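Structure file entry_25.pdb with PDB, C-alpha atoms:
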ATOM      1  CA  MET A   1     -13.456 -13.160  11.395
ATOM      2  CA  ALA A   2     -14.823 -11.715   8.153
ATOM      3  CA  LYS A   3     -18.578 -12.345   8.162
ATOM      4  CA  ARG A   4     -18.970 -12.379   4.392
ATOM      5  CA  SER A   5     -16.281 -12.980   1.798
ATOM      6  CA  PHE A   6     -16.541 -12.835  -1.983
ATOM      7  CA  PHE A   7     -14.248 -13.519  -4.917
ATOM      8  CA  VAL A   8     -14.282 -10.868  -7.655
ATOM      9  CA  THR A   9     -13.661 -12.054 -11.208
ATOM     10  CA  GLY A  10     -14.274 -10.675 -14.672
ATOM     11  CA  THR A  11     -15.072 -11.906 -18.135
ATOM     12  CA  ASP A  12     -11.524 -10.932 -19.176
ATOM     13  CA  THR A  13      -8.613  -8.786 -18.100
ATOM     14  CA  GLY A  14      -8.999  -5.010 -18.031
ATOM     15  CA  VAL A  15     -12.769  -5.101 -17.486
ATOM     16  CA  GLY A  16     -12.795  -3.035 -14.279
ATOM     17  CA  LYS A  17     -12.536  -5.568 -11.450
ATOM     18  CA  THR A  18     -10.612  -3.175  -9.234
ATOM     19  CA  ILE A  19     -12.791  -0.117  -9.732
ATOM     20  CA  VAL A  20     -15.876  -2.259  -9.119
ATOM     21  CA  SER A  21     -14.336  -3.805  -6.001
ATOM     22  CA  ALA A  22     -13.362  -0.386  -4.677
ATOM     23  CA  ALA A  23     -16.864   0.965  -5.374
ATOM     24  CA  ILE A  24     -18.371  -1.951  -3.418
ATOM     25  CA  LEU A  25     -16.004  -1.230  -0.524
ATOM     26  CA  GLU A  26     -16.961   2.446  -0.557
ATOM     27  CA  ALA A  27     -20.667   1.570  -0.603
ATOM     28  CA  ALA A  28     -20.175  -0.801   2.331
ATOM     29  CA  LYS A  29     -18.242   1.876   4.210
ATOM     30  CA  ALA A  30     -21.126   4.316   3.647
ATOM     31  CA  ALA A  31     -23.445   1.665   5.127
ATOM     32  CA  GLY A  32     -21.316   1.532   8.271
ATOM     33  CA  LYS A  33     -19.647  -1.789   7.500
ATOM     34  CA  ARG A  34     -16.062  -2.773   8.284
ATOM     35  CA  THR A  35     -14.300  -3.964   5.152
ATOM     36  CA  LEU A  36     -11.201  -5.827   4.038
ATOM     37  CA  ALA A  37      -9.842  -6.484   0.557
ATOM     38  CA  MET A  38      -6.870  -8.089  -1.078
ATOM     39  CA  LYS A  39      -5.365  -8.716  -4.474
ATOM     40  CA  PRO A  40      -3.192 -11.732  -3.656
ATOM     41  CA  ILE A  41      -1.191 -11.671  -6.876
ATOM     42  CA  ALA A  42      -0.604  -8.592  -9.000
ATOM     43  CA  SER A  43       1.576  -8.158 -12.067
ATOM     44  CA  GLY A  44       2.450  -4.772 -13.509
ATOM     45  CA  CYS A  45       3.872  -3.419 -10.242
ATOM     46  CA  ASP A  46       6.048  -0.308 -10.041
ATOM     47  CA  GLN A  47       9.342  -0.017  -8.221
ATOM     48  CA  THR A  48       9.049   2.442  -5.320
ATOM     49  CA  PRO A  49      11.215   3.285  -2.282
ATOM     50  CA  GLU A  50       8.902   1.016  -0.264
ATOM     51  CA  GLY A  51       9.199  -1.858  -2.750
ATOM     52  CA  LEU A  52       6.972  -3.101  -5.565
ATOM     53  CA  ARG A  53       3.556  -1.476  -5.567
ATOM     54  CA  ASN A  54       0.495  -2.145  -7.739
ATOM     55  CA  GLU A  55      -1.976   0.609  -8.593
ATOM     56  CA  ASP A  56      -4.981  -1.688  -8.223
ATOM     57  CA  ALA A  57      -3.905  -3.007  -4.823
ATOM     58  CA  LEU A  58      -3.301   0.552  -3.628
ATOM     59  CA  MET A  59      -6.835   1.492  -4.684
ATOM     60  CA  LEU A  60      -8.237  -1.398  -2.657
ATOM     61  CA  GLN A  61      -6.101  -0.398   0.310
ATOM     62  CA  ALA A  62      -7.487   3.141   0.150
ATOM     63  CA  ALA A  63     -11.118   2.005  -0.164
ATOM     64  CA  MET A  64     -11.231  -0.557   2.673
ATOM     65  CA  THR A  65     -11.926   0.592   6.228
ATOM     66  CA  GLU A  66      -9.304  -1.510   8.023
ATOM     67  CA  THR A  67      -5.647  -0.460   8.096
ATOM     68  CA  LEU A  68      -3.231  -3.165   6.979
ATOM     69  CA  PRO A  69       0.308  -3.275   5.566
ATOM     70  CA  TYR A  70       0.512  -3.290   1.782
ATOM     71  CA  GLU A  71       2.218  -6.702   1.802
ATOM     72  CA  THR A  72      -0.860  -8.229   3.456
ATOM     73  CA  ILE A  73      -3.136  -6.858   0.741
ATOM     74  CA  ASN A  74      -0.830  -7.826  -2.136
ATOM     75  CA  PRO A  75       1.526 -10.571  -0.911
ATOM     76  CA  ILE A  76       2.722 -11.571  -4.397
ATOM     77  CA  ALA A  77       3.846  -8.470  -6.306
ATOM     78  CA  LEU A  78       5.338  -8.936  -9.790
ATOM     79  CA  GLU A  79       6.866  -6.223 -11.937
ATOM     80  CA  PRO A  80       6.163  -7.282 -15.567
ATOM     81  CA  ALA A  81       2.702  -6.263 -16.811
ATOM     82  CA  ILE A  82       1.990  -9.701 -18.268
ATOM     83  CA  ALA A  83       0.040 -12.829 -17.341
ATOM     84  CA  PRO A  84       0.720 -13.684 -13.668
ATOM     85  CA  HIS A  85       2.090 -17.176 -14.304
ATOM     86  CA  VAL A  86       4.558 -15.839 -16.899
ATOM     87  CA  ALA A  87       5.535 -12.897 -14.660
ATOM     88  CA  ALA A  88       6.133 -15.311 -11.778
ATOM     89  CA  GLN A  89       8.307 -17.537 -13.961
ATOM     90  CA  GLN A  90      10.379 -14.560 -15.068
ATOM     91  CA  ALA A  91      10.786 -13.472 -11.426
ATOM     92  CA  GLY A  92      11.817 -16.976 -10.381
ATOM     93  CA  LYS A  93       8.821 -17.305  -8.058
ATOM     94  CA  GLN A  94       6.568 -20.302  -7.591
ATOM     95  CA  VAL A  95       2.880 -19.470  -7.414
ATOM     96  CA  THR A  96       0.433 -22.167  -6.334
ATOM     97  CA  ALA A  97      -3.247 -22.070  -5.511
ATOM     98  CA  GLN A  98      -2.535 -23.412  -2.024
ATOM     99  CA  ARG A  99      -0.113 -20.599  -1.293
ATOM    100  CA  ILE A 100      -2.675 -17.987  -2.323
ATOM    101  CA  VAL A 101      -5.375 -19.770  -0.337
ATOM    102  CA  GLY A 102      -3.136 -19.521   2.723
ATOM    103  CA  PHE A 103      -2.750 -15.769   2.282
ATOM    104  CA  CYS A 104      -6.526 -15.389   1.885
ATOM    105  CA  ARG A 105      -7.346 -17.452   4.967
ATOM    106  CA  GLY A 106      -4.912 -15.335   6.935
ATOM    107  CA  MET A 107      -6.901 -12.273   5.902
ATOM    108  CA  GLN A 108     -10.260 -13.939   6.596
ATOM    109  CA  ILE A 109      -9.518 -14.401  10.296
ATOM    110  CA  ARG A 110      -9.453 -10.622  10.741
ATOM    111  CA  PRO A 111     -12.690  -9.023  11.978
ATOM    112  CA  ALA A 112     -14.808  -7.391   9.266
ATOM    113  CA  ASP A 113     -18.330  -7.382   7.880
ATOM    114  CA  LEU A 114     -17.300  -7.734   4.232
ATOM    115  CA  MET A 115     -14.147  -9.006   2.547
ATOM    116  CA  LEU A 116     -13.328  -8.998  -1.162
ATOM    117  CA  ILE A 117     -10.637 -11.053  -2.871
ATOM    118  CA  GLU A 118      -9.874  -9.754  -6.342
ATOM    119  CA  GLY A 119      -8.603 -12.247  -8.867
ATOM    120  CA  ALA A 120      -6.424 -11.565 -11.889
ATOM    121  CA  GLY A 121      -7.649 -11.630 -15.467
ATOM    122  CA  GLY A 122     -10.620 -13.899 -16.092
ATOM    123  CA  TRP A 123     -11.930 -17.030 -14.394
ATOM    124  CA  ARG A 124      -9.473 -19.461 -15.996
ATOM    125  CA  VAL A 125      -6.318 -17.340 -15.847
ATOM    126  CA  PRO A 126      -3.370 -19.694 -15.163
ATOM    127  CA  LEU A 127      -1.374 -19.644 -11.932
ATOM    128  CA  ASN A 128       1.032 -22.297 -13.183
ATOM    129  CA  ASP A 129       1.034 -25.189 -15.653
ATOM    130  CA  ARG A 130      -1.515 -27.152 -13.606
ATOM    131  CA  GLU A 131      -3.774 -24.687 -11.823
ATOM    132  CA  THR A 132      -5.958 -21.701 -12.635
ATOM    133  CA  TYR A 133      -7.138 -18.943 -10.299
ATOM    134  CA  ALA A 134     -10.529 -20.668 -10.167
ATOM    135  CA  VAL A 135      -8.942 -23.259  -7.864
ATOM    136  CA  VAL A 136      -8.411 -20.561  -5.232
ATOM    137  CA  ALA A 137     -12.068 -19.524  -5.174
ATOM    138  CA  GLY A 138     -13.053 -23.193  -5.147
ATOM    139  CA  GLU A 139     -10.809 -24.061  -2.201
ATOM    140  CA  LEU A 140     -12.178 -21.099  -0.249
ATOM    141  CA  ARG A 141     -15.783 -21.917  -1.299
ATOM    142  CA  LEU A 142     -16.448 -18.264  -2.044
ATOM    143  CA  PRO A 143     -19.472 -16.809  -3.816
ATOM    144  CA  VAL A 144     -18.374 -14.943  -6.949
ATOM    145  CA  ILE A 145     -19.026 -11.371  -8.058
ATOM    146  CA  LEU A 146     -18.805 -11.087 -11.846
ATOM    147  CA  VAL A 147     -17.683  -7.888 -13.578
ATOM    148  CA  VAL A 148     -19.039  -7.491 -17.114
ATOM    149  CA  PRO A 149     -17.707  -4.776 -19.465
ATOM    150  CA  LEU A 150     -20.599  -3.353 -21.444
ATOM    151  CA  LYS A 151     -19.291  -3.814 -24.975
ATOM    152  CA  LEU A 152     -19.955  -5.970 -28.009
ATOM    153  CA  GLY A 153     -19.601  -9.658 -27.151
ATOM    154  CA  CYS A 154     -20.145  -9.244 -23.428
ATOM    155  CA  ILE A 155     -23.284 -11.398 -23.288
ATOM    156  CA  SER A 156     -21.518 -14.531 -24.478
ATOM    157  CA  HIS A 157     -18.486 -13.858 -22.288
ATOM    158  CA  ALA A 158     -20.654 -13.250 -19.227
ATOM    159  CA  MET A 159     -22.815 -16.324 -19.779
ATOM    160  CA  LEU A 160     -19.784 -18.557 -20.351
ATOM    161  CA  THR A 161     -18.035 -17.254 -17.236
ATOM    162  CA  ALA A 162     -21.114 -17.725 -15.069
ATOM    163  CA  GLU A 163     -21.519 -21.228 -16.496
ATOM    164  CA  ALA A 164     -17.886 -22.051 -15.630
ATOM    165  CA  VAL A 165     -18.244 -20.659 -12.101
ATOM    166  CA  ARG A 166     -21.294 -22.813 -11.446
ATOM    167  CA  ALA A 167     -19.704 -25.863 -13.081
ATOM    168  CA  ASP A 168     -16.930 -25.465 -10.511
ATOM    169  CA  GLY A 169     -19.522 -25.750  -7.754
ATOM    170  CA  LEU A 170     -19.692 -22.073  -6.795
ATOM    171  CA  SER A 171     -22.484 -19.523  -6.882
ATOM    172  CA  VAL A 172     -22.672 -16.173  -8.639
ATOM    173  CA  ALA A 173     -23.530 -13.725  -5.865
ATOM    174  CA  GLY A 174     -24.148 -10.890  -8.299
ATOM    175  CA  TRP A 175     -22.833  -9.077 -11.337
ATOM    176  CA  VAL A 176     -21.858  -5.519 -12.188
ATOM    177  CA  GLY A 177     -22.054  -3.893 -15.600
ATOM    178  CA  ASN A 178     -19.127  -1.552 -16.179
ATOM    179  CA  ARG A 179     -18.812   0.900 -19.063
ATOM    180  CA  PRO A 180     -15.188   0.569 -20.207
ATOM    181  CA  GLU A 181     -15.233   3.598 -22.514
ATOM    182  CA  GLU A 182     -17.025   6.879 -22.960
ATOM    183  CA  GLN A 183     -19.049   5.753 -25.994
ATOM    184  CA  VAL A 184     -22.071   3.780 -24.818
ATOM    185  CA  MET A 185     -22.426   0.464 -26.630
ATOM    186  CA  ASN A 186     -25.182   0.025 -29.192
ATOM    187  CA  CYS A 187     -28.358  -1.471 -27.722
ATOM    188  CA  GLU A 188     -27.003  -1.280 -24.175
ATOM    189  CA  LYS A 189     -30.497  -1.455 -22.682
ATOM    190  CA  ASP A 190     -31.210  -4.688 -24.558
ATOM    191  CA  THR A 191     -27.891  -6.130 -23.393
ATOM    192  CA  LEU A 192     -28.630  -5.253 -19.767
ATOM    193  CA  ASN A 193     -32.120  -6.711 -20.028
ATOM    194  CA  TYR A 194     -30.732  -9.983 -21.390
ATOM    195  CA  LEU A 195     -28.082 -10.247 -18.693
ATOM    196  CA  SER A 196     -30.629  -9.427 -15.991
ATOM    197  CA  THR A 197     -32.976 -12.172 -17.115
ATOM    198  CA  HIS A 198     -30.425 -14.853 -18.008
ATOM    199  CA  LEU A 199     -27.500 -14.622 -15.571
ATOM    200  CA  ASN A 200     -29.723 -15.771 -12.683
ATOM    201  CA  ALA A 201     -27.970 -13.450 -10.267
ATOM    202  CA  PRO A 202     -28.767  -9.967  -8.970
ATOM    203  CA  CYS A 203     -27.379  -6.926 -10.736
ATOM    204  CA  LEU A 204     -25.342  -5.014  -8.150
ATOM    205  CA  GLY A 205     -24.972  -1.942 -10.319
ATOM    206  CA  VAL A 206     -24.305  -0.428 -13.726
ATOM    207  CA  LEU A 207     -21.332   1.891 -13.541
ATOM    208  CA  PRO A 208     -21.001   4.854 -15.907
ATOM    209  CA  TRP A 209     -17.867   6.080 -17.634
ATOM    210  CA  LEU A 210     -16.422   8.910 -15.540
ATOM    211  CA  ASP A 211     -14.685  11.777 -17.267
ATOM    212  CA  GLY A 212     -13.007  14.627 -15.440
ATOM    213  CA  VAL A 213     -12.978  12.813 -12.085
ATOM    214  CA  ASP A 214      -9.695  12.248 -10.256
ATOM    215  CA  HIS A 215      -8.745   8.563 -10.372
ATOM    216  CA  ALA A 216      -8.534   8.275  -6.598
ATOM    217  CA  ALA A 217     -12.016   9.766  -6.203
ATOM    218  CA  LYS A 218     -13.726   7.425  -8.672
ATOM    219  CA  PRO A 219     -14.610   4.595  -6.237
ATOM    220  CA  ALA A 220     -16.538   6.934  -3.940
ATOM    221  CA  VAL A 221     -18.422   8.460  -6.888
ATOM    222  CA  LEU A 222     -19.214   5.066  -8.421
ATOM    223  CA  SER A 223     -20.372   3.662  -5.079
ATOM    224  CA  ARG A 224     -23.548   5.707  -5.530
ATOM    225  CA  TYR A 225     -24.480   3.465  -8.467
ATOM    226  CA  MET A 226     -24.058   0.256  -6.448
ATOM    227  CA  ASN A 227     -26.736  -1.832  -4.755
ATOM    228  CA  ILE A 228     -24.817  -4.008  -2.309
ATOM    229  CA  ALA A 229     -27.822  -5.144  -0.300
ATOM    230  CA  PRO A 230     -27.543  -8.727  -1.665
ATOM    231  CA  LEU A 231     -23.957  -8.826  -0.321
ATOM    232  CA  ILE A 232     -24.493  -7.501   3.197
ATOM    233  CA  GLU A 233     -28.056  -8.423   4.143
ATOM    234  CA  ASN A 234     -28.914 -11.754   5.738
TER     235      ASN A 234
END
Target encoding structure tokens, full file:
Amino acid sequence: MAKRSFFVTGTDTGVGKTIVSAAILEAAKAAGKRTLAMKPIASGCDQTPEGLRNEDALMLQAAMTETLPYETINPIALEPAIAPHVAAQQAGKQVTAQRIVGFCRGMQIRPADLMLIEGAGGWRVPLNDRETYAVVAGELRLPVILVVPLKLGCISHAMLTAEAVRADGLSVAGWVGNRPEEQVMNCEKDTLNYLSTHLNAPCLGVLPWLDGVDHAAKPAVLSRYMNIAPLIEN
């Protein structure tokens, strides 16, 4: 059974949850840990001879140490690159928190030292008219890793997300600052200092913008900027 499991969320969509998750997996692999990961629901999948495939889920599959079928890593694959609940409606599929929880628990029974479950969008992204993805993390009682894009407005977004996570009865296991573009934000050092002193959670890393690095190689390179000790040490 997975010894430690975490739910990865972000302050918004497109903030780098997957690249951060993959970097954590690579860092854990370098530390000799067995790892698992999944992205239970993914929209924006491509049609392939093997079926629908999502670029983010494939990156997780490549970064984890254990070998599993794609369908186990991404059990709900949706083609339209839109909000998951809308994509599911268009595909005629019913997505519920309980169904996703079942997929996650099936993964958790597999042996590993570290398991990551990557959400979709931000903390309150809808799954259907009644439930948000936060329900999944709550049902599983998972500590949360928060991905923060280092850009204007990120302090408020990060603080509000952490507040919502804790209001839902969960803990913030750590946060990662991710540079979403080549141009470094104004007063980045001040922003990082504020987040470090006010999020009340350890900073697991500050990831740079990588230029000229093959996409598939980025997780291994970025893993060098990660400090995953708070995730794997007792």
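Proximity ranking of A:Val95, A:Leu192, A:Ile109, A:Ala2 relative to Val206 (chain A) places A:Leu192 first, based on all atoms listed in the file.
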Legend entry - Among listed residues A:Leu207, A:Ala81, A:Leu36, A:Leu25, nearest Gln108 (chain A) (using only C-alpha atoms): A:Leu36
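The smallest atom-to-atom distance between Leu160 (chain A) and any of A:Leu195, A:Thr11, A:Asn200, A:Thr18, using only C-alpha atoms, is found for A:Thr11.
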Inset, instruction - Would you list the residues near (4.6, -24.0, -14.0) (no more than 8 Å away, in the coordinates of the file, using only C-alpha atoms) as a VMD selection string? - result: chain A and resid 85 89 94 127 to 130
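Across A:Ala220, A:Glu233, A:Tyr225, A:Ala134, the tightest approach to Gly177 (chain A) is made by A:Tyr225 when counting only C-alpha atoms.
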Inset, instruction - Work out how far CA of Met107 (chain A) is from CA of Leu146 (chain A), in Å to one decimal. - result: 21.4 Å
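For region 62-66 of chain A, the set of protein, DNA and RNA residues having any atom at most 8 Å away, when counting only C-alpha atoms and skipping those fewer than 3 positions along the same chain, is Ala22, Ala23, Leu25, Glu26, Lys29, Arg34, Thr35, Leu36, Ala37, Leu58, Met59 and Pro219 of chain A.
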Inset, instruction - Please provide as JSON, numbers by chain all residues within 9 Å of Val184 (chain A), with the sequence filter that same-chain residues fewer than 3 positions apart are discarded (counting only C-alpha atoms). - result: {"A": [150, 151, 179, 180, 181, 187, 188, 209]}
Legend entry - All residues 9 Å or closer to Ala77 (chain A), only C-alpha atoms, same chain fewer than 4 positions away omitted, as a PyMOL selection string: chain A and resi 40-45+52-54+71
Legend entry - Target residues per the PyMOL selection byres ((chain A and resi 6) around 6), formatted as a PyMOL selection string: chain A and resi 5+7+116+142-144
